[in-house]
file query_32.cif (mmCIF, C-alpha atoms)
data_work
#
loop_
_atom_site.label_atom_id
_atom_site.label_comp_id
_atom_site.auth_asym_id
_atom_site.auth_seq_id
_atom_site.Cartn_x
_atom_site.Cartn_y
_atom_site.Cartn_z
CA MET T 926 -44.91 6.06 19.01
CA LYS T 927 -42.57 3.51 20.53
CA PRO T 928 -38.81 4.01 20.11
CA SER T 929 -38.51 0.60 18.43
CA THR T 930 -41.17 1.61 15.90
CA ARG T 931 -39.36 4.87 15.17
CA ARG T 932 -36.12 2.96 14.61
CA ARG T 933 -37.80 0.60 12.18
CA LEU T 934 -39.36 3.49 10.28
CA PHE T 935 -36.02 5.28 10.14
CA ARG T 936 -34.26 2.20 8.79
CA GLY T 937 -37.06 1.66 6.30
CA SER T 938 -36.78 5.24 5.05
CA LEU T 939 -33.04 4.79 4.54
CA TYR T 940 -33.69 1.70 2.42
CA VAL T 941 -36.27 3.60 0.36
CA ILE T 942 -33.84 6.50 -0.23
CA LEU T 943 -31.15 4.04 -1.31
CA LEU T 944 -33.48 2.22 -3.71
CA VAL T 945 -34.68 5.51 -5.23
CA ALA T 946 -31.11 6.72 -5.70
CA VAL T 947 -30.06 3.44 -7.39
CA ALA T 948 -33.15 3.45 -9.61
CA ALA T 949 -32.51 7.08 -10.63
CA LEU T 950 -28.89 6.27 -11.45
CA LEU T 951 -29.90 3.27 -13.55
CA PHE T 952 -32.50 5.36 -15.37
CA VAL T 953 -30.34 8.36 -16.25
CA ALA T 954 -27.16 6.43 -17.12
CA ASP T 955 -26.28 6.14 -20.80
CA TRP T 956 -25.56 2.42 -20.80
CA LYS T 957 -24.71 2.31 -24.48
CA ALA T 958 -21.98 4.92 -24.05
CA ILE T 959 -20.75 3.25 -20.85
CA LYS T 960 -20.47 -0.12 -22.60
CA PHE T 961 -18.68 1.39 -25.60
CA ASN T 962 -16.19 3.45 -23.60
CA PHE T 963 -15.55 1.28 -20.54
CA LEU T 964 -16.72 -2.28 -21.26
CA ASP T 965 -15.58 -2.99 -24.82
CA LEU T 966 -14.75 -6.70 -24.82
CA GLU T 967 -12.73 -6.49 -28.03
CA VAL T 968 -10.48 -3.82 -26.53
CA ALA T 969 -10.25 -5.83 -23.29
CA LYS T 970 -9.09 -8.92 -25.19
CA GLU T 971 -6.26 -6.93 -26.75
CA GLN T 972 -4.72 -6.44 -23.30
CA PHE T 973 -4.06 -10.15 -22.84
CA PRO T 974 -1.72 -11.82 -22.21
CA ALA T 975 0.64 -8.79 -22.00
CA ILE T 976 -1.23 -7.23 -19.07
CA ILE T 977 -0.44 -10.35 -17.04
CA THR T 978 2.95 -11.44 -18.38
CA THR T 979 4.41 -7.92 -18.39
CA ALA T 980 2.35 -5.36 -16.48
CA ALA T 981 1.09 -7.47 -13.56
CA LYS T 982 4.44 -9.24 -13.26
CA ASN T 983 6.32 -5.93 -13.11
CA THR T 984 3.87 -4.55 -10.53
CA VAL T 985 4.49 -7.57 -8.28
CA ILE T 986 8.27 -7.29 -8.73
CA PHE T 987 8.28 -3.55 -8.02
CA THR T 988 6.11 -4.11 -4.95
CA ALA T 989 8.40 -6.83 -3.59
CA ILE T 990 11.52 -4.67 -4.06
CA ALA T 991 9.92 -1.59 -2.48
CA PHE T 992 8.44 -3.54 0.45
CA VAL T 993 11.61 -5.47 1.31
CA GLY T 994 13.73 -2.34 0.96
CA GLY T 995 11.27 -0.31 3.03
CA LEU T 996 11.13 -3.06 5.66
CA ILE T 997 14.92 -3.14 6.06
CA LEU T 998 15.14 0.65 6.16
CA GLY T 999 12.18 0.87 8.51
CA LEU T 1000 13.71 -1.64 10.94
CA ILE T 1001 16.96 0.33 11.05
CA LEU T 1002 15.11 3.61 11.61
CA ALA T 1003 12.88 2.11 14.31
CA LEU T 1004 15.89 0.78 16.23
CA MET T 1005 17.63 4.15 15.85
CA LYS T 1006 14.57 5.97 17.16
CA LEU T 1007 14.53 3.73 20.24
CA ALA T 1008 18.29 3.91 20.78
CA PRO T 1009 19.59 5.40 24.05
CA ILE T 1010 21.98 7.63 22.06
CA GLY T 1011 20.42 11.03 21.37
CA PRO T 1012 21.85 11.76 17.88
CA TYR T 1013 20.56 8.43 16.58
CA ARG T 1014 17.07 9.26 17.82
CA TRP T 1015 17.21 12.76 16.37
CA ILE T 1016 18.35 11.57 12.93
CA ALA T 1017 15.70 8.84 12.79
CA THR T 1018 12.95 11.18 13.97
CA ALA T 1019 13.93 13.87 11.47
CA TYR T 1020 14.01 11.35 8.61
CA ILE T 1021 10.66 9.81 9.51
CA GLU T 1022 8.91 13.15 9.90
CA LEU T 1023 10.42 14.46 6.64
CA PHE T 1024 9.48 11.55 4.41
CA ARG T 1025 6.08 11.02 6.01
CA GLY T 1026 5.32 14.66 5.29
CA LEU T 1027 6.39 14.61 1.63
CA PRO T 1028 4.17 13.25 -1.17
CA ALA T 1029 5.50 9.99 -2.57
CA LEU T 1030 5.19 11.37 -6.11
CA LEU T 1031 7.46 14.31 -5.24
CA VAL T 1032 10.11 12.03 -3.72
CA ILE T 1033 10.04 9.70 -6.74
CA PHE T 1034 10.33 12.67 -9.10
CA GLY T 1035 13.23 14.05 -7.09
CA MET T 1036 15.13 10.74 -7.08
CA ALA T 1037 14.54 10.25 -10.81
CA PHE T 1038 15.46 13.75 -12.02
CA ALA T 1039 16.63 16.23 -9.36
CA VAL T 1040 19.21 14.08 -7.56
CA PRO T 1041 20.85 12.69 -10.77
CA LEU T 1042 21.14 16.21 -12.19
CA ALA T 1043 22.53 17.69 -8.98
CA PHE T 1044 25.14 14.98 -8.35
CA SER T 1045 25.77 13.67 -11.90
CA TRP T 1046 24.58 10.29 -10.67
CA ARG T 1047 23.04 7.63 -12.86
CA PRO T 1048 20.65 5.49 -10.79
CA PRO T 1049 20.90 1.71 -11.23
CA GLY T 1050 18.03 0.43 -13.32
CA GLY T 1051 17.45 3.84 -14.92
CA GLY T 1052 14.22 5.65 -14.19
CA VAL T 1053 12.53 2.64 -12.66
CA GLY T 1054 15.46 2.09 -10.29
CA ALA T 1055 15.39 5.72 -9.19
CA GLY T 1056 11.62 5.59 -8.74
CA LEU T 1057 11.87 2.44 -6.64
CA LEU T 1058 14.53 4.08 -4.50
CA GLY T 1059 12.17 6.99 -3.87
CA LEU T 1060 9.36 4.59 -3.00
CA ILE T 1061 11.66 2.75 -0.57
CA LEU T 1062 12.59 6.02 1.12
CA VAL T 1063 8.93 6.90 1.69
CA SER T 1064 7.68 3.44 2.65
CA GLY T 1065 10.62 3.01 5.03
CA ALA T 1066 9.47 6.04 7.03
CA TYR T 1067 5.95 4.65 7.47
CA ILE T 1068 7.12 1.12 8.20
CA ALA T 1069 9.57 2.48 10.80
CA GLU T 1070 6.73 3.92 12.86
CA THR T 1071 4.81 0.65 12.59
CA ILE T 1072 7.80 -1.36 13.80
CA ARG T 1073 8.53 1.11 16.60
CA ALA T 1074 4.95 0.80 17.83
CA GLY T 1075 5.22 -2.98 17.69
CA ILE T 1076 8.45 -3.01 19.71
CA GLN T 1077 6.99 -0.73 22.36
CA ALA T 1078 3.87 -2.92 22.53
CA VAL T 1079 5.90 -5.92 23.70
CA PRO T 1080 5.52 -6.15 27.51
CA PRO T 1081 8.66 -4.87 29.31
CA GLY T 1082 8.63 -8.03 31.40
CA GLN T 1083 9.78 -10.00 28.35
CA THR T 1084 12.96 -7.93 28.12
CA GLU T 1085 13.52 -8.04 31.86
CA ALA T 1086 13.14 -11.81 31.91
CA ALA T 1087 15.63 -12.21 29.06
CA ARG T 1088 18.14 -9.90 30.72
CA SER T 1089 17.79 -11.75 34.02
CA LEU T 1090 18.89 -14.90 32.19
CA GLY T 1091 22.09 -13.15 31.13
CA MET T 1092 21.15 -12.33 27.54
CA ALA T 1093 22.90 -9.34 25.96
CA PRO T 1094 20.67 -6.34 25.02
CA ALA T 1095 21.25 -6.81 21.28
CA TRP T 1096 20.46 -10.54 21.42
CA THR T 1097 17.40 -9.85 23.58
CA MET T 1098 16.09 -7.47 20.91
CA VAL T 1099 16.76 -9.92 18.07
CA SER T 1100 15.57 -13.15 19.67
CA VAL T 1101 12.86 -12.01 22.10
CA VAL T 1102 11.46 -8.56 21.31
CA LEU T 1103 11.47 -8.41 17.50
CA PRO T 1104 9.71 -11.78 16.92
CA GLN T 1105 6.88 -10.72 19.23
CA ALA T 1106 6.79 -7.23 17.73
CA PHE T 1107 6.45 -8.55 14.19
CA ARG T 1108 3.68 -10.88 15.31
CA ILE T 1109 1.82 -7.83 16.64
CA ILE T 1110 2.37 -5.64 13.58
CA THR T 1111 1.65 -8.24 10.89
CA PRO T 1112 -1.79 -6.73 10.06
CA PRO T 1113 -0.54 -3.12 9.71
CA LEU T 1114 2.49 -4.33 7.74
CA THR T 1115 0.15 -6.12 5.36
CA ASN T 1116 -1.75 -2.86 4.99
CA GLU T 1117 1.54 -1.14 4.13
CA LEU T 1118 2.11 -3.81 1.47
CA VAL T 1119 -1.29 -3.04 -0.08
CA ILE T 1120 -0.47 0.67 -0.10
CA ILE T 1121 2.88 -0.01 -1.81
CA ILE T 1122 1.13 -2.10 -4.48
CA LYS T 1123 -0.99 0.91 -5.35
CA ASP T 1124 1.91 3.37 -5.02
CA THR T 1125 3.87 1.51 -7.71
CA SER T 1126 1.49 3.26 -10.11
CA LEU T 1127 3.46 6.46 -9.37
CA LEU T 1128 6.64 5.05 -10.93
CA PHE T 1129 5.49 6.17 -14.37
CA ILE T 1130 6.75 9.66 -13.55
CA ALA T 1131 10.34 8.33 -13.62
CA GLY T 1132 10.01 7.01 -17.17
CA MET T 1133 9.73 3.38 -18.23
CA ALA T 1134 10.86 1.17 -21.08
CA ILE T 1135 8.23 -0.99 -22.77
CA GLY T 1136 9.28 -4.07 -20.81
CA ASP T 1137 9.18 -2.19 -17.49
CA LYS T 1138 5.57 -1.00 -17.60
CA ASP T 1139 3.45 -1.58 -14.52
CA LEU T 1140 -0.32 -2.04 -14.63
CA THR T 1141 -1.18 1.66 -14.55
CA THR T 1142 1.34 2.69 -17.20
CA PHE T 1143 0.36 -0.22 -19.42
CA ALA T 1144 -3.35 0.64 -19.12
CA ARG T 1145 -2.73 4.35 -19.71
CA ASP T 1146 -0.75 3.69 -22.90
CA MET T 1147 -3.28 1.16 -24.21
CA SER T 1148 -6.11 3.56 -23.45
CA SER T 1149 -4.37 6.25 -25.48
CA GLN T 1150 -3.74 3.87 -28.39
CA THR T 1151 -7.32 2.57 -28.53
CA ALA T 1152 -9.03 5.87 -27.58
CA ASN T 1153 -11.04 3.79 -25.12
CA SER T 1154 -11.12 3.56 -21.32
CA THR T 1155 -11.62 -0.20 -21.14
CA PRO T 1156 -7.90 -0.85 -20.43
CA LEU T 1157 -8.22 1.23 -17.25
CA ILE T 1158 -11.09 -0.99 -16.08
CA VAL T 1159 -9.08 -4.13 -16.85
CA ALA T 1160 -6.08 -2.77 -14.94
CA GLY T 1161 -8.34 -1.86 -12.01
CA LEU T 1162 -9.63 -5.43 -11.92
CA MET T 1163 -6.07 -6.75 -11.94
CA TYR T 1164 -5.22 -4.56 -8.96
CA LEU T 1165 -8.27 -5.89 -7.13
CA VAL T 1166 -7.22 -9.47 -7.86
CA VAL T 1167 -3.97 -8.74 -6.00
CA THR T 1168 -5.17 -6.42 -3.22
CA LEU T 1169 -8.51 -7.94 -2.17
CA PRO T 1170 -6.99 -11.23 -0.90
CA LEU T 1171 -4.45 -9.18 1.07
CA THR T 1172 -7.12 -7.00 2.68
CA GLN T 1173 -9.08 -10.13 3.59
CA LEU T 1174 -5.89 -11.56 5.08
CA VAL T 1175 -5.49 -8.42 7.19
CA ALA T 1176 -9.05 -8.76 8.49
CA LYS T 1177 -8.47 -12.43 9.30
CA LEU T 1178 -5.22 -11.69 11.13
CA GLU T 1179 -6.87 -8.92 13.14
CA ARG T 1180 -9.72 -11.24 14.15
CA HIS T 1181 -7.19 -13.88 15.15
CA GLN T 1182 -5.26 -11.39 17.29
CA ASN T 1183 -8.45 -10.16 18.93
CA ARG T 1184 -9.39 -13.71 19.86
CA GLY T 1185 -5.86 -14.23 21.21
CA ARG T 1186 -6.23 -11.18 23.45
#

call {"tool": "encode", "arguments": {"input": "query_32.cif", "output": "structure tokens"}}
result
Amino acid sequence: MKPSTRRRLFRGSLYVILLVAVAALLFVADWKAIKFNFLDLEVAKEQFPAIITTAAKNTVIFTAIAFVGGLILGLILALMKLAPIGPYRWIATAYIELFRGLPALLVIFGMAFAVPLAFSWRPPGGGVGAGLLGLILVSGAYIAETIRAGIQAVPPGQTEAARSLGMAPAWTMVSVVLPQAFRIITPPLTNELVIIIKDTSLLFIAGMAIGDKDLTTFARDMSSQTANSTPLIVAGLMYLVVTLPLTQLVAKLERHQNRGR
């Protein structure tokens, strides 16, 4: 048998296996129970407009705060890690390794409960403010490594050319290196933004007022009130409305960069 024939048969068998698996799933599924528990239109209608005007809005606001805060912190840490002064590098490296190794949920819990109890400190914004601070601490560590990689990816000749023109090291970094670095790391930074959008769902652990609920907390509470899982499906769709365009943007940016190279 020819190799091409074997390949066609192999691909055909994979299609058959897939079709059989889908048919078996459709046959054994209890569609009446699925519709009642997950696709109840009456329960779904009860979520609107609050799921948009409150939950989705809060999720976007929390994401923006955490991303901007993480970006600023990450930039500082990246510059410290690349600094010629040893203690700066050691501090930045220790911070990045620590917060990249800790679960985000644990950090948020610690900032919301452990730190206020230990230091008699009331976080601004209450539980949500403390949770956002924890999310900034974690996201800053990941963003720092992304920015560092972007800075090191800029050809050294760019810095040498700027210095030969008499530019100071700090101004060279700000006006020459960082703009090129951020152009390089735009796709991974967008991925970090998508991750932060989903990580805002962890803020529930810090406690929330009714007006502060994000999509996950809103859906969880509505699911408990209605004894139905449809609110979780609606919240999942809302997340996809936000994240899918961003993931498509990442793919487009990566294709554009590949063509540029």

call {"tool": "atom_distance", "arguments": {"input": "query_32.cif", "atom1": "atom CA of T:Gly1026", "atom2": "atom CA of T:Tyr1067"}}
result
10.3 Å

call {"tool": "residues_around", "arguments": {"input": "query_32.cif", "residues": "stretch 1101-1117 of chain T", "least_positions_apart": "3", "cutoff": "6 Å", "atoms": "only C-alpha atoms", "output": "list in words"}}
result
Gly1075, Ile1076, Thr1097, Met1098, Ile1120 and Val1175 of chain T

call {"tool": "closest_residue", "arguments": {"input": "query_32.cif", "among": "T:Val1063, T:Ala1160, T:Ala954, T:Val1119", "to": "T:Leu998", "atoms": "all atoms listed in the file"}}
result
T:Val1063

call {"tool": "closest_residue", "arguments": {"input": "query_32.cif", "among": "T:Ile1001, T:Ile976, T:Val1167, T:Ala1086", "to": "T:Asp1137", "atoms": "all atoms listed in the file"}}
result
T:Ile976

call {"tool": "resolve_selection", "arguments": {"input": "query_32.cif", "expression": "the PyMOL selection byres ((chain T and resi 1037-1054) around 12)", "output": "MDAnalysis selection string"}}
result
chainID T and resid 983:984 986:987 990:991 1030:1036 1055:1061 1125:1139

call {"tool": "atom_distance", "arguments": {"input": "query_32.cif", "atom1": "atom CA of T:Ala1066", "atom2": "atom CA of T:Arg1025"}}
result
6.1 Å

call {"tool": "residues_around", "arguments": {"input": "query_32.cif", "residues": "stretch 971-975 of chain T", "least_positions_apart": "6", "cutoff": "12 Å", "atoms": "only C-alpha atoms", "output": "PyMOL selection string"}}
result
chain T and resi 965+981-983+1135-1140+1143-1148+1150-1151+1153+1155-1160+1163

call {"tool": "closest_residue", "arguments": {"input": "query_32.cif", "among": "T:Ile977, T:Arg936, T:Trp1096, T:Lys970", "to": "T:Val1166", "atoms": "all atoms listed in the file"}}
result
T:Ile977

call {"tool": "residues_near_point", "arguments": {"input": "query_32.cif", "point": "(2.4, -4.2, -3.1)", "cutoff": "7 Å", "atoms": "all atoms listed in the file", "output": "PyMOL selection string"}}
result
chain T and resi 985+988-989+1118-1123

call {"tool": "write_last_selection", "arguments": {"input": "query_32.cif", "atoms": "C-alpha atoms", "output": "CSV table (one decimal), in the coordinates of the input"}}
result
chain,number,residue,atom,x,y,z
T,985,VAL,CA,4.5,-7.6,-8.3
T,988,THR,CA,6.1,-4.1,-5.0
T,989,ALA,CA,8.4,-6.8,-3.6
T,1118,LEU,CA,2.1,-3.8,1.5
T,1119,VAL,CA,-1.3,-3.0,-0.1
T,1120,ILE,CA,-0.5,0.7,-0.1
T,1121,ILE,CA,2.9,0.0,-1.8
T,1122,ILE,CA,1.1,-2.1,-4.5
T,1123,LYS,CA,-1.0,0.9,-5.4

call {"tool": "atom_distance", "arguments": {"input": "query_32.cif", "atom1": "atom CA of T:Gly1065", "atom2": "atom CA of T:Gly994"}}
result
7.4 Å

call {"tool": "closest_residue", "arguments": {"input": "query_32.cif", "among": "T:Leu964, T:Leu1062, T:Val941, T:Ala1087", "to": "T:Phe1024", "atoms": "all atoms listed in the file"}}
result
T:Leu1062

call {"tool": "build_atoms", "arguments": {"input": "query_32.cif", "residues": "stretch 1130-1155 of chain T", "atoms": "N, CA and C atoms", "output": "PDB file, in the frame of the given file"}}
result
ATOM      1  N   ILE T1130       6.179   8.324 -13.464  1.00  0.00           N
ATOM      2  CA  ILE T1130       6.750   9.660 -13.550  1.00  0.00           C
ATOM      3  C   ILE T1130       8.255   9.595 -13.817  1.00  0.00           C
ATOM      4  N   ALA T1131       8.901   8.473 -13.440  1.00  0.00           N
ATOM      5  CA  ALA T1131      10.340   8.330 -13.620  1.00  0.00           C
ATOM      6  C   ALA T1131      10.712   7.875 -15.022  1.00  0.00           C
ATOM      7  N   GLY T1132       9.736   7.494 -15.823  1.00  0.00           N
ATOM      8  CA  GLY T1132      10.010   7.010 -17.170  1.00  0.00           C
ATOM      9  C   GLY T1132      10.231   5.505 -17.177  1.00  0.00           C
ATOM     10  N   MET T1133       9.639   4.839 -18.178  1.00  0.00           N
ATOM     11  CA  MET T1133       9.730   3.380 -18.230  1.00  0.00           C
ATOM     12  C   MET T1133       9.945   2.916 -19.661  1.00  0.00           C
ATOM     13  N   ALA T1134      10.754   1.852 -19.798  1.00  0.00           N
ATOM     14  CA  ALA T1134      10.860   1.170 -21.080  1.00  0.00           C
ATOM     15  C   ALA T1134       9.622   0.296 -21.271  1.00  0.00           C
ATOM     16  N   ILE T1135       9.436  -0.189 -22.474  1.00  0.00           N
ATOM     17  CA  ILE T1135       8.230  -0.990 -22.770  1.00  0.00           C
ATOM     18  C   ILE T1135       8.157  -2.217 -21.857  1.00  0.00           C
ATOM     19  N   GLY T1136       9.283  -2.862 -21.629  1.00  0.00           N
ATOM     20  CA  GLY T1136       9.280  -4.070 -20.810  1.00  0.00           C
ATOM     21  C   GLY T1136       9.181  -3.808 -19.324  1.00  0.00           C
ATOM     22  N   ASP T1137       9.234  -2.525 -18.918  1.00  0.00           N
ATOM     23  CA  ASP T1137       9.180  -2.190 -17.490  1.00  0.00           C
ATOM     24  C   ASP T1137       7.822  -1.662 -17.052  1.00  0.00           C
ATOM     25  N   LYS T1138       6.860  -1.613 -17.925  1.00  0.00           N
ATOM     26  CA  LYS T1138       5.570  -1.000 -17.600  1.00  0.00           C
ATOM     27  C   LYS T1138       4.848  -1.753 -16.493  1.00  0.00           C
ATOM     28  N   ASP T1139       4.313  -0.982 -15.544  1.00  0.00           N
ATOM     29  CA  ASP T1139       3.450  -1.580 -14.520  1.00  0.00           C
ATOM     30  C   ASP T1139       2.011  -1.537 -15.020  1.00  0.00           C
ATOM     31  N   LEU T1140       1.080  -1.960 -14.194  1.00  0.00           N
ATOM     32  CA  LEU T1140      -0.320  -2.040 -14.630  1.00  0.00           C
ATOM     33  C   LEU T1140      -0.876  -0.686 -15.045  1.00  0.00           C
ATOM     34  N   THR T1141      -0.610   0.349 -14.253  1.00  0.00           N
ATOM     35  CA  THR T1141      -1.180   1.660 -14.550  1.00  0.00           C
ATOM     36  C   THR T1141      -0.600   2.241 -15.834  1.00  0.00           C
ATOM     37  N   THR T1142       0.710   2.165 -15.997  1.00  0.00           N
ATOM     38  CA  THR T1142       1.340   2.690 -17.200  1.00  0.00           C
ATOM     39  C   THR T1142       0.898   1.927 -18.433  1.00  0.00           C
ATOM     40  N   PHE T1143       0.818   0.612 -18.309  1.00  0.00           N
ATOM     41  CA  PHE T1143       0.360  -0.220 -19.420  1.00  0.00           C
ATOM     42  C   PHE T1143      -1.069   0.166 -19.820  1.00  0.00           C
ATOM     43  N   ALA T1144      -1.948   0.300 -18.826  1.00  0.00           N
ATOM     44  CA  ALA T1144      -3.350   0.640 -19.120  1.00  0.00           C
ATOM     45  C   ALA T1144      -3.460   2.039 -19.708  1.00  0.00           C
ATOM     46  N   ARG T1145      -2.686   2.979 -19.190  1.00  0.00           N
ATOM     47  CA  ARG T1145      -2.730   4.350 -19.710  1.00  0.00           C
ATOM     48  C   ARG T1145      -2.318   4.385 -21.177  1.00  0.00           C
ATOM     49  N   ASP T1146      -1.234   3.688 -21.514  1.00  0.00           N
ATOM     50  CA  ASP T1146      -0.750   3.690 -22.900  1.00  0.00           C
ATOM     51  C   ASP T1146      -1.741   2.989 -23.833  1.00  0.00           C
ATOM     52  N   MET T1147      -2.304   1.870 -23.385  1.00  0.00           N
ATOM     53  CA  MET T1147      -3.280   1.160 -24.210  1.00  0.00           C
ATOM     54  C   MET T1147      -4.549   1.978 -24.382  1.00  0.00           C
ATOM     55  N   SER T1148      -4.928   2.704 -23.350  1.00  0.00           N
ATOM     56  CA  SER T1148      -6.110   3.560 -23.450  1.00  0.00           C
ATOM     57  C   SER T1148      -5.885   4.672 -24.463  1.00  0.00           C
ATOM     58  N   SER T1149      -4.679   5.204 -24.503  1.00  0.00           N
ATOM     59  CA  SER T1149      -4.370   6.250 -25.480  1.00  0.00           C
ATOM     60  C   SER T1149      -4.353   5.685 -26.895  1.00  0.00           C
ATOM     61  N   GLN T1150      -3.824   4.470 -27.059  1.00  0.00           N
ATOM     62  CA  GLN T1150      -3.740   3.870 -28.390  1.00  0.00           C
ATOM     63  C   GLN T1150      -5.115   3.501 -28.940  1.00  0.00           C
ATOM     64  N   THR T1151      -6.001   3.029 -28.078  1.00  0.00           N
ATOM     65  CA  THR T1151      -7.320   2.570 -28.530  1.00  0.00           C
ATOM     66  C   THR T1151      -8.396   3.637 -28.427  1.00  0.00           C
ATOM     67  N   ALA T1152      -8.051   4.797 -27.821  1.00  0.00           N
ATOM     68  CA  ALA T1152      -9.030   5.870 -27.580  1.00  0.00           C
ATOM     69  C   ALA T1152     -10.257   5.319 -26.849  1.00  0.00           C
ATOM     70  N   ASN T1153      -9.979   4.447 -25.868  1.00  0.00           N
ATOM     71  CA  ASN T1153     -11.040   3.790 -25.120  1.00  0.00           C
ATOM     72  C   ASN T1153     -10.557   3.596 -23.687  1.00  0.00           C
ATOM     73  N   SER T1154     -11.486   3.667 -22.729  1.00  0.00           N
ATOM     74  CA  SER T1154     -11.120   3.560 -21.320  1.00  0.00           C
ATOM     75  C   SER T1154     -11.205   2.149 -20.764  1.00  0.00           C
ATOM     76  N   THR T1155     -11.528   1.179 -21.602  1.00  0.00           N
ATOM     77  CA  THR T1155     -11.620  -0.200 -21.140  1.00  0.00           C
ATOM     78  C   THR T1155     -10.323  -0.711 -20.519  1.00  0.00           C
TER      79      THR T1155
END
